[in-house]
file start17.pdb (PDB, C-alpha atoms)
ATOM      1  CA  GLY Y   1      55.731 107.869  14.378
ATOM      2  CA  ARG Y   2      58.944 105.805  14.323
ATOM      3  CA  LEU Y   3      58.000 103.660  17.306
ATOM      4  CA  LYS Y   4      55.300 101.162  16.391
ATOM      5  CA  VAL Y   5      53.917  98.895  19.095
ATOM      6  CA  ALA Y   6      51.475  96.077  18.315
ATOM      7  CA  SER Y   7      49.737  96.391  21.658
ATOM      8  CA  LEU Y   8      50.334  98.354  24.849
ATOM      9  CA  LEU Y   9      48.980  95.319  26.700
ATOM     10  CA  ASP Y  10      51.938  93.275  25.472
ATOM     11  CA  ALA Y  11      54.332  96.091  26.415
ATOM     12  CA  ARG Y  12      53.114  96.417  30.024
ATOM     13  CA  LEU Y  13      55.907  95.458  32.426
ATOM     14  CA  GLY Y  14      54.810  96.855  35.796
ATOM     15  CA  ASP Y  15      52.108  98.946  37.509
ATOM     16  CA  TYR Y  16      52.792 101.973  35.303
ATOM     17  CA  THR Y  17      55.774 100.721  33.320
ATOM     18  CA  PHE Y  18      56.022  99.808  29.651
ATOM     19  CA  ALA Y  19      58.974  98.257  27.818
ATOM     20  CA  PHE Y  20      59.879  98.259  24.132
ATOM     21  CA  LEU Y  21      62.569  96.370  22.228
ATOM     22  CA  ILE Y  22      64.033  98.421  19.372
ATOM     23  CA  ALA Y  23      66.561  97.100  16.860
ATOM     24  CA  GLY Y  24      68.868  99.040  14.564
ATOM     25  CA  GLU Y  25      69.204 102.251  16.609
ATOM     26  CA  ASP Y  26      72.430 103.661  18.013
ATOM     27  CA  SER Y  27      72.660 105.175  21.498
ATOM     28  CA  ASP Y  28      72.184 108.734  20.184
ATOM     29  CA  GLY Y  29      69.007 107.767  18.362
ATOM     30  CA  LEU Y  30      67.649 105.946  21.412
ATOM     31  CA  GLY Y  31      68.474 108.905  23.623
ATOM     32  CA  LYS Y  32      66.541 111.244  21.346
ATOM     33  CA  LEU Y  33      63.641 108.794  21.240
ATOM     34  CA  GLY Y  34      63.600 108.664  25.044
ATOM     35  CA  GLN Y  35      63.444 112.451  25.225
ATOM     36  CA  LEU Y  36      60.629 112.433  22.659
ATOM     37  CA  LEU Y  37      58.571 109.951  24.692
ATOM     38  CA  VAL Y  38      59.109 111.863  27.934
ATOM     39  CA  HIS Y  39      58.089 115.124  26.286
ATOM     40  CA  ALA Y  40      55.019 113.552  24.651
ATOM     41  CA  VAL Y  41      53.705 112.254  27.990
ATOM     42  CA  SER Y  42      54.665 115.174  30.250
ATOM     43  CA  SER Y  43      53.410 117.907  27.908
ATOM     44  CA  ARG Y  44      49.904 116.474  27.588
ATOM     45  CA  VAL Y  45      47.091 117.816  29.770
ATOM     46  CA  TYR Y  46      44.587 115.211  31.008
ATOM     47  CA  GLU Y  47      41.041 115.828  32.192
ATOM     48  CA  ALA Y  48      40.022 114.255  35.495
ATOM     49  CA  GLY Y  49      36.493 115.383  36.157
ATOM     50  CA  PRO Y  50      36.561 119.143  36.746
ATOM     51  CA  HIS Y  51      40.349 119.139  37.075
ATOM     52  CA  ALA Y  52      43.153 119.342  34.528
ATOM     53  CA  ILE Y  53      46.301 117.395  35.432
ATOM     54  CA  THR Y  54      49.659 116.547  33.897
ATOM     55  CA  ALA Y  55      51.776 113.425  34.288
ATOM     56  CA  ALA Y  56      55.484 112.972  34.870
ATOM     57  CA  CYS Y  57      57.403 110.402  32.863
ATOM     58  CA  SER Y  58      60.748 108.658  33.401
ATOM     59  CA  ALA Y  59      62.571 106.791  30.638
ATOM     60  CA  GLY Y  60      65.264 104.179  31.141
ATOM     61  CA  ILE Y  61      67.270 102.922  28.169
ATOM     62  CA  ALA Y  62      69.458  99.816  28.022
ATOM     63  CA  VAL Y  63      71.764  99.605  25.017
ATOM     64  CA  SER Y  64      73.534  96.494  23.728
ATOM     65  CA  SER Y  65      76.077  96.573  20.882
ATOM     66  CA  GLU Y  66      75.153  92.999  19.939
ATOM     67  CA  PRO Y  67      72.112  90.741  20.465
ATOM     68  CA  PRO Y  68      72.203  89.499  24.090
ATOM     69  CA  ASP Y  69      71.869  85.806  24.901
ATOM     70  CA  ASP Y  70      69.045  86.632  27.297
ATOM     71  CA  GLY Y  71      66.605  89.438  26.520
ATOM     72  CA  MET Y  72      65.680  89.701  30.202
ATOM     73  CA  ALA Y  73      69.106  91.216  30.872
ATOM     74  CA  LEU Y  74      68.061  94.209  28.771
ATOM     75  CA  PHE Y  75      64.733  94.566  30.592
ATOM     76  CA  THR Y  76      66.409  94.374  33.994
ATOM     77  CA  LEU Y  77      69.050  96.934  33.060
ATOM     78  CA  ALA Y  78      66.425  99.247  31.544
ATOM     79  CA  ALA Y  79      64.359  98.995  34.744
ATOM     80  CA  SER Y  80      67.411 100.045  36.769
ATOM     81  CA  ALA Y  81      67.862 102.991  34.415
ATOM     82  CA  VAL Y  82      64.206 103.960  34.966
ATOM     83  CA  ASP Y  83      64.768 104.040  38.728
ATOM     84  CA  GLU Y  84      67.873 106.152  38.206
ATOM     85  CA  ALA Y  85      65.927 108.611  36.033
ATOM     86  CA  ARG Y  86      63.076 108.757  38.545
ATOM     87  CA  GLN Y  87      65.450 109.518  41.416
ATOM     88  CA  ALA Y  88      67.001 112.361  39.378
ATOM     89  CA  GLY Y  89      63.649 114.149  39.164
ATOM     90  CA  PRO Y  90      60.551 114.289  36.968
ATOM     91  CA  ASN Y  91      60.740 113.854  33.207
ATOM     92  CA  ARG Y  92      64.297 112.542  33.023
ATOM     93  CA  VAL Y  93      66.018 110.017  30.764
ATOM     94  CA  SER Y  94      68.771 107.653  31.902
ATOM     95  CA  MET Y  95      70.846 105.347  29.704
ATOM     96  CA  ARG Y  96      72.970 102.318  30.560
ATOM     97  CA  MET Y  97      75.125 100.027  28.429
ATOM     98  CA  LEU Y  98      74.813  96.247  28.666
ATOM     99  CA  GLU Y  99      78.175  94.568  29.172
ATOM    100  CA  THR Y 100      78.789  91.515  27.014
ATOM    101  CA  THR Y 101      80.682  88.431  28.188
ATOM    102  CA  SER Y 102      82.404  85.568  26.485
ATOM    103  CA  PRO Y 103      80.312  82.468  25.615
ATOM    104  CA  GLY Y 104      79.596  80.273  28.630
ATOM    105  CA  ALA Y 105      80.588  82.931  31.157
ATOM    106  CA  THR Y 106      78.156  84.164  33.801
ATOM    107  CA  PRO Y 107      77.751  87.949  33.654
ATOM    108  CA  ALA Y 108      78.995  89.618  36.819
ATOM    109  CA  ALA Y 109      75.837  91.740  36.900
ATOM    110  CA  ASP Y 110      73.681  88.603  37.025
ATOM    111  CA  VAL Y 111      75.722  87.155  39.885
ATOM    112  CA  GLN Y 112      75.414  90.428  41.777
ATOM    113  CA  LEU Y 113      71.675  90.630  41.076
ATOM    114  CA  VAL Y 114      71.023  87.127  42.440
ATOM    115  CA  GLY Y 115      72.950  88.017  45.582
ATOM    116  CA  GLN Y 116      70.963  91.229  45.996
ATOM    117  CA  LEU Y 117      67.657  89.393  45.618
ATOM    118  CA  ARG Y 118      68.627  86.825  48.227
ATOM    119  CA  ASP Y 119      69.660  89.613  50.584
ATOM    120  CA  VAL Y 120      66.336  91.405  50.051
ATOM    121  CA  ILE Y 121      64.333  88.245  50.785
ATOM    122  CA  GLU Y 122      66.423  86.976  53.709
ATOM    123  CA  ASN Y 123      66.589  90.381  55.423
ATOM    124  CA  SER Y 124      63.015  91.435  54.617
ATOM    125  CA  ARG Y 125      64.005  94.603  52.778
ATOM    126  CA  PHE Y 126      60.667  94.598  51.005
ATOM    127  CA  ARG Y 127      58.214  97.366  51.742
ATOM    128  CA  ILE Y 128      54.451  97.060  51.323
ATOM    129  CA  PHE Y 129      52.220  99.886  50.152
ATOM    130  CA  TYR Y 130      48.447  99.610  50.405
ATOM    131  CA  GLN Y 131      46.386 101.011  47.543
ATOM    132  CA  PRO Y 132      42.746 101.567  48.580
ATOM    133  CA  ILE Y 133      40.011  99.970  46.482
ATOM    134  CA  ALA Y 134      36.760 101.912  46.536
ATOM    135  CA  SER Y 135      33.498 100.023  46.856
ATOM    136  CA  LEU Y 136      30.770 100.942  44.374
ATOM    137  CA  HIS Y 137      28.211  99.419  46.745
ATOM    138  CA  GLY Y 138      29.186 101.604  49.691
ATOM    139  CA  ASN Y 139      29.355  98.659  52.090
ATOM    140  CA  GLY Y 140      32.104 100.252  54.180
ATOM    141  CA  VAL Y 141      34.470  97.259  54.043
ATOM    142  CA  GLU Y 142      38.052  98.480  53.620
ATOM    143  CA  LYS Y 143      39.851  96.797  50.718
ATOM    144  CA  TYR Y 144      43.445  97.329  49.665
ATOM    145  CA  GLU Y 145      45.724  96.024  46.951
ATOM    146  CA  MET Y 146      49.204  95.196  48.184
ATOM    147  CA  LEU Y 147      51.997  96.819  46.143
ATOM    148  CA  LEU Y 148      55.543  95.598  46.655
ATOM    149  CA  ARG Y 149      58.665  97.770  46.657
ATOM    150  CA  VAL Y 150      62.291  97.189  47.654
ATOM    151  CA  GLN Y 151      64.095  99.454  50.100
ATOM    152  CA  ASP Y 152      67.538 100.264  48.670
ATOM    153  CA  GLY Y 153      69.199 102.727  50.994
ATOM    154  CA  ASN Y 154      67.166 105.923  50.908
ATOM    155  CA  ARG Y 155      65.228 105.050  47.757
ATOM    156  CA  MET Y 156      62.363 102.763  46.856
ATOM    157  CA  VAL Y 157      62.883 100.429  43.896
ATOM    158  CA  SER Y 158      59.839  99.693  41.714
ATOM    159  CA  PRO Y 159      58.752  96.134  40.809
ATOM    160  CA  ALA Y 160      59.963  96.572  37.235
ATOM    161  CA  SER Y 161      63.531  96.454  38.540
ATOM    162  CA  PHE Y 162      63.318  93.182  40.447
ATOM    163  CA  VAL Y 163      60.309  91.164  39.230
ATOM    164  CA  ALA Y 164      61.905  90.281  35.876
ATOM    165  CA  ALA Y 165      65.142  89.352  37.647
ATOM    166  CA  ALA Y 166      63.274  87.263  40.240
ATOM    167  CA  GLU Y 167      61.424  85.397  37.499
ATOM    168  CA  GLN Y 168      64.637  84.881  35.545
ATOM    169  CA  THR Y 169      66.450  83.424  38.560
ATOM    170  CA  GLY Y 170      63.531  81.280  39.760
ATOM    171  CA  MET Y 171      63.108  83.315  42.953
ATOM    172  CA  MET Y 172      59.645  84.724  42.267
ATOM    173  CA  THR Y 173      57.950  82.035  44.353
ATOM    174  CA  LEU Y 174      59.985  83.169  47.371
ATOM    175  CA  VAL Y 175      58.879  86.755  46.779
ATOM    176  CA  ASP Y 176      55.225  85.688  46.498
ATOM    177  CA  ARG Y 177      55.403  83.698  49.725
ATOM    178  CA  TRP Y 178      56.900  86.654  51.573
ATOM    179  CA  VAL Y 179      53.991  88.852  50.460
ATOM    180  CA  VAL Y 180      51.310  86.256  51.213
ATOM    181  CA  GLU Y 181      52.700  85.564  54.691
ATOM    182  CA  HIS Y 182      52.804  89.304  55.381
ATOM    183  CA  ALA Y 183      49.155  89.570  54.276
ATOM    184  CA  VAL Y 184      48.002  86.645  56.431
ATOM    185  CA  ARG Y 185      49.742  88.048  59.510
ATOM    186  CA  LYS Y 186      48.099  91.424  58.886
ATOM    187  CA  LEU Y 187      44.630  89.964  58.354
ATOM    188  CA  CYS Y 188      44.817  87.747  61.435
ATOM    189  CA  GLU Y 189      45.732  90.588  63.796
ATOM    190  CA  PRO Y 190      43.133  91.051  66.564
ATOM    191  CA  GLY Y 191      40.385  93.407  65.446
ATOM    192  CA  SER Y 192      41.415  93.400  61.796
ATOM    193  CA  SER Y 193      38.483  93.656  59.382
ATOM    194  CA  ILE Y 194      40.162  94.765  56.153
ATOM    195  CA  SER Y 195      40.492  92.739  52.950
ATOM    196  CA  LEU Y 196      43.758  92.459  51.018
ATOM    197  CA  PHE Y 197      44.318  91.719  47.334
ATOM    198  CA  VAL Y 198      47.558  89.879  46.528
ATOM    199  CA  LYS Y 199      48.706  89.230  42.968
ATOM    200  CA  LEU Y 200      50.605  85.974  42.448
ATOM    201  CA  SER Y 201      53.060  85.128  39.705
ATOM    202  CA  ALA Y 202      52.562  82.304  37.235
ATOM    203  CA  ALA Y 203      55.471  80.500  38.922
ATOM    204  CA  SER Y 204      53.575  80.271  42.226
ATOM    205  CA  MET Y 205      50.390  79.147  40.501
ATOM    206  CA  GLN Y 206      52.348  76.328  38.877
ATOM    207  CA  ASP Y 207      54.224  75.442  42.076
ATOM    208  CA  PRO Y 208      52.761  72.180  43.479
ATOM    209  CA  ASP Y 209      54.092  73.064  46.945
ATOM    210  CA  PHE Y 210      52.356  76.447  47.138
ATOM    211  CA  ARG Y 211      48.906  75.248  48.150
ATOM    212  CA  PRO Y 212      50.150  72.880  50.919
ATOM    213  CA  TRP Y 213      52.367  75.725  52.128
ATOM    214  CA  LEU Y 214      49.375  78.091  52.211
ATOM    215  CA  GLN Y 215      47.351  75.556  54.186
ATOM    216  CA  ARG Y 216      50.171  75.218  56.746
ATOM    217  CA  LEU Y 217      50.404  79.013  56.948
ATOM    218  CA  PHE Y 218      46.698  79.230  57.782
ATOM    219  CA  GLY Y 219      47.186  76.564  60.437
ATOM    220  CA  GLU Y 220      49.970  78.579  62.068
ATOM    221  CA  HIS Y 221      48.426  82.063  61.979
ATOM    222  CA  GLY Y 222      44.708  81.565  61.401
ATOM    223  CA  THR Y 223      42.456  81.579  58.374
ATOM    224  CA  PRO Y 224      41.531  85.054  57.101
ATOM    225  CA  GLY Y 225      38.895  83.530  54.827
ATOM    226  CA  LYS Y 226      37.535  85.573  51.960
ATOM    227  CA  ARG Y 227      39.404  88.649  53.235
ATOM    228  CA  LEU Y 228      42.521  87.316  51.488
ATOM    229  CA  ILE Y 229      41.840  87.757  47.771
ATOM    230  CA  ILE Y 230      44.253  86.115  45.350
ATOM    231  CA  GLU Y 231      44.627  87.983  42.063
ATOM    232  CA  ILE Y 232      45.060  85.975  38.878
ATOM    233  CA  GLY Y 233      46.674  88.103  36.210
ATOM    234  CA  ASP Y 234      45.642  88.282  32.584
ATOM    235  CA  ALA Y 235      48.981  86.790  31.514
ATOM    236  CA  CYS Y 236      48.294  83.669  33.613
ATOM    237  CA  LEU Y 237      44.937  83.270  31.907
ATOM    238  CA  ARG Y 238      46.565  83.486  28.493
ATOM    239  CA  ASP Y 239      49.061  80.795  29.539
ATOM    240  CA  GLY Y 240      46.254  78.360  30.270
ATOM    241  CA  ILE Y 241      42.767  78.754  31.702
ATOM    242  CA  ARG Y 242      42.653  75.121  32.864
ATOM    243  CA  ASN Y 243      45.704  75.513  35.091
ATOM    244  CA  ALA Y 244      44.421  78.829  36.424
ATOM    245  CA  ALA Y 245      41.013  77.298  37.120
ATOM    246  CA  GLY Y 246      42.563  74.384  39.016
ATOM    247  CA  PHE Y 247      44.653  76.722  41.132
ATOM    248  CA  ALA Y 248      41.655  78.992  41.822
ATOM    249  CA  ALA Y 249      39.547  76.025  42.894
ATOM    250  CA  ASP Y 250      42.238  74.804  45.292
ATOM    251  CA  VAL Y 251      42.794  78.145  47.055
ATOM    252  CA  SER Y 252      39.029  78.760  47.132
ATOM    253  CA  ARG Y 253      38.622  75.512  49.067
ATOM    254  CA  LEU Y 254      41.104  76.935  51.575
ATOM    255  CA  GLY Y 255      38.749  79.896  52.015
ATOM    256  CA  CYS Y 256      40.420  82.560  49.854
ATOM    257  CA  GLY Y 257      38.615  84.951  47.552
ATOM    258  CA  ILE Y 258      39.529  85.088  43.855
ATOM    259  CA  ALA Y 259      39.974  88.149  41.643
ATOM    260  CA  LEU Y 260      40.622  88.162  37.905
ATOM    261  CA  GLN Y 261      42.789  90.941  36.525
ATOM    262  CA  HIS Y 262      41.335  91.776  33.120
ATOM    263  CA  GLN Y 263      43.274  93.983  30.686
ATOM    264  CA  ASP Y 264      42.108  92.997  27.224
ATOM    265  CA  ILE Y 265      38.691  94.644  27.109
ATOM    266  CA  THR Y 266      38.176  93.337  23.554
ATOM    267  CA  ARG Y 267      38.115  89.747  24.824
ATOM    268  CA  ASN Y 268      34.924  88.208  26.166
ATOM    269  CA  LEU Y 269      35.475  87.175  29.779
ATOM    270  CA  SER Y 270      32.345  85.001  30.058
ATOM    271  CA  PRO Y 271      34.092  81.689  29.148
ATOM    272  CA  VAL Y 272      36.722  82.380  31.800
ATOM    273  CA  LEU Y 273      34.119  83.149  34.465
ATOM    274  CA  GLU Y 274      32.381  79.864  33.680
ATOM    275  CA  GLN Y 275      35.539  77.998  34.720
ATOM    276  CA  ILE Y 276      36.883  80.323  37.402
ATOM    277  CA  HIS Y 277      34.330  81.379  40.012
ATOM    278  CA  ALA Y 278      35.792  84.774  40.871
ATOM    279  CA  SER Y 279      34.391  87.185  43.440
ATOM    280  CA  TYR Y 280      36.005  90.189  41.744
ATOM    281  CA  VAL Y 281      37.048  91.293  38.258
ATOM    282  CA  MET Y 282      39.666  94.032  38.181
ATOM    283  CA  ILE Y 283      39.474  95.852  34.850
ATOM    284  CA  ILE Y 284      42.628  97.762  33.913
ATOM    285  CA  ASP Y 285      41.872 100.536  31.461
ATOM    286  CA  MET Y 286      44.895 100.946  29.185
ATOM    287  CA  THR Y 287      43.382 103.651  26.968
TER     288      THR Y 287
END
call {"tool": "encode", "arguments": {"input": "start17.pdb", "output": "C-alpha cells"}}
result
Amino acid sequence: GRLKVASLLDARLGDYTFAFLIAGEDSDGLGKLGQLLVHAVSSRVYEAGPHAITAACSAGIAVSSEPPDDGMALFTLAASAVDEARQAGPNRVSMRMLETTSPGATPAADVQLVGQLRDVIENSRFRIFYQPIASLHGNGVEKYEMLLRVQDGNRMVSPASFVAAAEQTGMMTLVDRWVVEHAVRKLCEPGSSISLFVKLSAASMQDPDFRPWLQRLFGEHGTPGKRLIIEIGDACLRDGIRNAAGFAADVSRLGCGIALQHQDITRNLSPVLEQIHASYVMIIDMT
C-alpha cells in the first residue's frame, strides 16, 4: 500500500519492465520494498485457460543519496541491476548505488556506457529474437515481431538496459537503422514470405534523414513491400499525432505496412485511425 502509481502505462519501460521513482526512502527501505514486490508477483497464481501458472519477477534498485542531475542515470543503473538480478536466478533483488560527481564533470559510467553502445553497434553485438504473431483469420502468413537484445559475454541484456541510454546519448536512431536493415535483408532473401514488425523510436520518426535512408536501403536490397510493418508506439502518438501521421504516410508510400501500438484502452482510437491509415492495431493489455 505504500507504493502508489498513477498509471502502469506511464511506468512501462520495456517489454515486461516497469520503473518507479521513489523519494524519501533509504536503501534498507527500498530493499524491503523490492522483496515485497517480488513476493507479490511470484506468489500469485494466474489462470491461463485450463492451466494455472506462476510468474517470476526480478527487481533492480538504483539508489542515489542526492537528486541526480539526470533522472535517466537512475533508470539506466536500475535496468543494469534488473539484469544482474535476473542472471542470479528467479525472484531476486539487486541493488546498486549511483555515484555522484562534481558539477560540470562527466560521470565515468556515462562515458563507459557510450563506449559500450558504440561497440555494440559497430560490432553488431545485437541479437534478434522473433516473437510469433498469431493470425485470427487463419490465413497462414507467418508474422513475427522483432525483439532486440544485446549479447554481453554469455548473457543477454534486455532493452531496458540500453534503450534509455541510447535515447539519452542520441544513438537510438543508429540502433533503429541496424534493426530495420536486418529486417530488410531477411525479408528480401530468396523464398522469404514472412512479415516482420519493427518498432521505431520517436527519434527515428523525427529524423528527416530516415525516410531517404530507407528508400536507399530498398534500392540496394529490394523492396519487401507490406511485409515490413513499421510499429508506431503509443508514446509517439501522445507526442503528436500530426508528426506520426506524416511519418506513416511517407513510409507507406515506400510500400511499408503500418501498425499502431495501443496501450490506453480507455482512449478512443478512432480519431487516430482517421489520420493514420494503419493495417494493424496491436493492443497491449496491461490489466
call {"tool": "atom_distance", "arguments": {"input": "start17.pdb", "atom1": "atom CA of Y:Ser192", "atom2": "atom CA of Y:Gly225"}}
result
12.3 Å
call {"tool": "atom_distance", "arguments": {"input": "start17.pdb", "atom1": "atom CA of Y:Ser64", "atom2": "atom CA of Y:Lys32"}}
result
16.5 Å
call {"tool": "residues_around", "arguments": {"input": "start17.pdb", "residues": "Y:Arg44", "least_positions_apart": "2", "cutoff": "12 Å", "atoms": "all atoms listed in the file", "output": "list in words"}}
result
Leu37, Val38, His39, Ala40, Val41, Ser42, Tyr46, Glu47, Ala52, Ile53, Thr54, Ala55, Ala56 and Cys57 of chain Y
call {"tool": "closest_residue", "arguments": {"input": "start17.pdb", "among": "Y:Val93, Y:Met171, Y:Val120, Y:Val45", "to": "Y:Gly60", "atoms": "only C-alpha atoms"}}
result
Y:Val93
call {"tool": "atom_distance", "arguments": {"input": "start17.pdb", "atom1": "atom CA of Y:Ala85", "atom2": "atom CA of Y:Asp119"}}
result
24.2 Å
call {"tool": "closest_residue", "arguments": {"input": "start17.pdb", "among": "Y:Leu273, Y:Ile194, Y:Val141, Y:Val150", "to": "Y:Asn123", "atoms": "all atoms listed in the file"}}
result
Y:Val150
call {"tool": "closest_residue", "arguments": {"input": "start17.pdb", "among": "Y:Met97, Y:Ala81, Y:Arg92, Y:Asp176", "to": "Y:Ile121", "atoms": "all atoms listed in the file"}}
result
Y:Asp176
call {"tool": "resolve_selection", "arguments": {"input": "start17.pdb", "expression": "the PyMOL selection byres ((chain Y and resi 177) around 10)", "output": "short mmCIF file (atom, residue, chain, number, x, y, z; two decimals) with C-alpha atoms, in the coordinates of the input"}}
result
data_model
loop_
_atom_site.label_atom_id
_atom_site.label_comp_id
_atom_site.auth_asym_id
_atom_site.auth_seq_id
_atom_site.Cartn_x
_atom_site.Cartn_y
_atom_site.Cartn_z
CA MET Y 172 59.64 84.72 42.27
CA THR Y 173 57.95 82.04 44.35
CA LEU Y 174 59.98 83.17 47.37
CA VAL Y 175 58.88 86.76 46.78
CA ASP Y 176 55.22 85.69 46.50
CA TRP Y 178 56.90 86.65 51.57
CA VAL Y 179 53.99 88.85 50.46
CA VAL Y 180 51.31 86.26 51.21
CA GLU Y 181 52.70 85.56 54.69
CA HIS Y 182 52.80 89.30 55.38
CA ALA Y 183 49.16 89.57 54.28
CA LEU Y 200 50.60 85.97 42.45
CA SER Y 204 53.58 80.27 42.23
CA PHE Y 210 52.36 76.45 47.14
CA TRP Y 213 52.37 75.72 52.13
CA LEU Y 214 49.38 78.09 52.21
CA LEU Y 217 50.40 79.01 56.95
#
